[in-house]
Amino acid sequence: MGYRVHASDGDIGKVDEASNAFDESSIVVDTGPWIFGRKVILPAGTVQRVDDADEKVYVDLTKAQIKDSPELADATA
C-alpha cells in the first residue's frame with residue numbers, strides 16, 4: 001500500500017506492502033529509521049481514518065505505543 005502512517009503525535013512510518021498477506025484485521029507498519037527499520041503489527045481497529053488524497057493512514061496510538069507493538073517477525077515465527 002505504501003501509505004504513510006500518522007500516530008497521534010506525528011508520522012511514524014509506512015504501511016508495508018506485505019500487510020495484506022498477513023491478516024486483514026491488522027496492518028503492518030514499516031517504521032523505517034525511526035525504530036531501526038522494524039515492521040510492527042497494529043490492530044485494524046486502531047485506524048481512525050484513511051486519507052487517500054494525501055496517502056496517509058491515521059491511527060489512534062502514540063509513537064511510543066507503536067514502538068512497543070509486536071514485530072512482524074515475532075508474530076509469524
# chains A, B, ... in the order shown; residues from 1 in each chain; ligands from 1

call {"tool": "select_by_dssp", "arguments": {"residues": "range 1-67 of chain A", "states": "strand (DSSP E or B)", "output": "list in words"}}
result
Arg4, Val5, His6, Ala7, Gly10, Asp11, Ile12, Gly13, Lys14, Val15, Ser26, Ile27, Val28, Val29, Asp30, Lys39, Val40, Ile41, Leu42, Pro43, Val47, Gln48, Arg49, Val50, Asp51, Lys56, Val57, Tyr58 and Val59 of chain A

call {"tool": "residues_around", "arguments": {"residues": "Ser26 in chain A", "least_positions_apart": "5", "cutoff": "6 Å", "atoms": "only C-alpha atoms", "output": "ChimeraX atom specification"}}
result
/A:42-44

call {"tool": "select_by_dssp", "arguments": {"residues": "range 32-77 of chain A", "states": "alpha helix (DSSP H)", "output": "PyMOL selection string"}}
result
chain A and resi 63-67+72-76

call {"tool": "write_last_selection", "arguments": {"atoms": "N, CA, C and O atoms", "output": "short mmCIF file (atom, residue, chain, number, x, y, z; two decimals), in the first residue's frame"}}
result
data_model
loop_
_atom_site.label_atom_id
_atom_site.label_comp_id
_atom_site.auth_asym_id
_atom_site.auth_seq_id
_atom_site.Cartn_x
_atom_site.Cartn_y
_atom_site.Cartn_z
N LYS A 63 3.55 7.31 19.13
CA LYS A 63 4.76 6.68 18.60
C LYS A 63 5.30 5.64 19.58
O LYS A 63 5.75 4.57 19.18
N ALA A 64 5.25 5.94 20.88
CA ALA A 64 5.75 5.01 21.89
C ALA A 64 4.93 3.72 21.89
O ALA A 64 5.47 2.62 22.02
N GLN A 65 3.60 3.84 21.75
CA GLN A 65 2.76 2.65 21.71
C GLN A 65 3.06 1.81 20.47
O GLN A 65 3.10 0.58 20.54
N ILE A 66 3.30 2.47 19.35
CA ILE A 66 3.64 1.74 18.13
C ILE A 66 5.00 1.07 18.30
O ILE A 66 5.18 -0.08 17.91
N LYS A 67 5.94 1.76 18.91
CA LYS A 67 7.27 1.18 19.15
C LYS A 67 7.15 -0.09 19.98
O LYS A 67 7.90 -1.05 19.76
N LEU A 72 6.53 -7.99 13.26
CA LEU A 72 6.02 -8.94 12.30
C LEU A 72 6.75 -10.28 12.42
O LEU A 72 6.15 -11.33 12.42
N ALA A 73 8.07 -10.24 12.58
CA ALA A 73 8.85 -11.48 12.69
C ALA A 73 8.41 -12.31 13.91
O ALA A 73 8.36 -13.53 13.85
N ASP A 74 8.05 -11.64 15.02
CA ASP A 74 7.59 -12.35 16.20
C ASP A 74 6.25 -13.05 15.97
O ASP A 74 6.02 -14.14 16.45
N ALA A 75 5.39 -12.41 15.22
CA ALA A 75 4.04 -12.95 15.00
C ALA A 75 4.03 -14.09 14.00
O ALA A 75 3.15 -14.94 14.03
N THR A 76 4.99 -14.12 13.10
CA THR A 76 4.99 -15.15 12.06
C THR A 76 5.90 -16.33 12.41
O THR A 76 5.95 -17.30 11.68
#

call {"tool": "residues_around", "arguments": {"residues": "range 3-16 of chain A", "least_positions_apart": "6", "cutoff": "10 Å", "atoms": "only C-alpha atoms", "output": "PyMOL selection string"}}
result
chain A and resi 27-35+37-41+46-48+50-52+54-67

call {"tool": "write_last_selection", "arguments": {"atoms": "C-alpha atoms", "output": "PDB file, in the first residue's frame"}}
result
ATOM      1  CA  ILE A  27      -1.837  -3.566   9.382  1.00  0.00           C
ATOM      2  CA  VAL A  28       1.926  -3.979   9.190  1.00  0.00           C
ATOM      3  CA  VAL A  29       3.840  -0.734   9.605  1.00  0.00           C
ATOM      4  CA  ASP A  30       7.415  -0.372   8.435  1.00  0.00           C
ATOM      5  CA  THR A  31       8.775   2.158  10.908  1.00  0.00           C
ATOM      6  CA  GLY A  32      11.832   2.854   8.778  1.00  0.00           C
ATOM      7  CA  PRO A  33      14.763   4.542  10.507  1.00  0.00           C
ATOM      8  CA  TRP A  34      12.617   5.858  13.384  1.00  0.00           C
ATOM      9  CA  ILE A  35      12.664   2.473  15.164  1.00  0.00           C
ATOM     10  CA  GLY A  37      13.564  -0.425  10.452  1.00  0.00           C
ATOM     11  CA  ARG A  38      11.215  -2.626  12.445  1.00  0.00           C
ATOM     12  CA  LYS A  39       7.948  -3.879  10.995  1.00  0.00           C
ATOM     13  CA  VAL A  40       5.244  -3.858  13.645  1.00  0.00           C
ATOM     14  CA  ILE A  41       1.681  -5.138  13.653  1.00  0.00           C
ATOM     15  CA  THR A  46      -6.514   1.488  15.723  1.00  0.00           C
ATOM     16  CA  VAL A  47      -7.028   3.107  12.314  1.00  0.00           C
ATOM     17  CA  GLN A  48      -9.034   6.310  12.753  1.00  0.00           C
ATOM     18  CA  VAL A  50      -7.528   6.888   5.731  1.00  0.00           C
ATOM     19  CA  ASP A  51      -6.809   9.944   3.620  1.00  0.00           C
ATOM     20  CA  ASP A  52      -6.471   8.716   0.025  1.00  0.00           C
ATOM     21  CA  ASP A  54      -2.606  12.520   0.984  1.00  0.00           C
ATOM     22  CA  GLU A  55      -1.925   8.752   1.047  1.00  0.00           C
ATOM     23  CA  LYS A  56      -1.905   8.774   4.846  1.00  0.00           C
ATOM     24  CA  VAL A  57      -3.344   6.429   7.483  1.00  0.00           C
ATOM     25  CA  TYR A  58      -4.172   7.998  10.852  1.00  0.00           C
ATOM     26  CA  VAL A  59      -4.004   5.734  13.918  1.00  0.00           C
ATOM     27  CA  ASP A  60      -5.052   6.478  17.498  1.00  0.00           C
ATOM     28  CA  LEU A  61      -1.739   5.355  19.013  1.00  0.00           C
ATOM     29  CA  THR A  62       1.320   7.318  20.055  1.00  0.00           C
ATOM     30  CA  LYS A  63       4.763   6.682  18.602  1.00  0.00           C
ATOM     31  CA  ALA A  64       5.750   5.006  21.895  1.00  0.00           C
ATOM     32  CA  GLN A  65       2.756   2.651  21.709  1.00  0.00           C
ATOM     33  CA  ILE A  66       3.644   1.744  18.126  1.00  0.00           C
ATOM     34  CA  LYS A  67       7.265   1.184  19.154  1.00  0.00           C
TER      35      LYS A  67
END
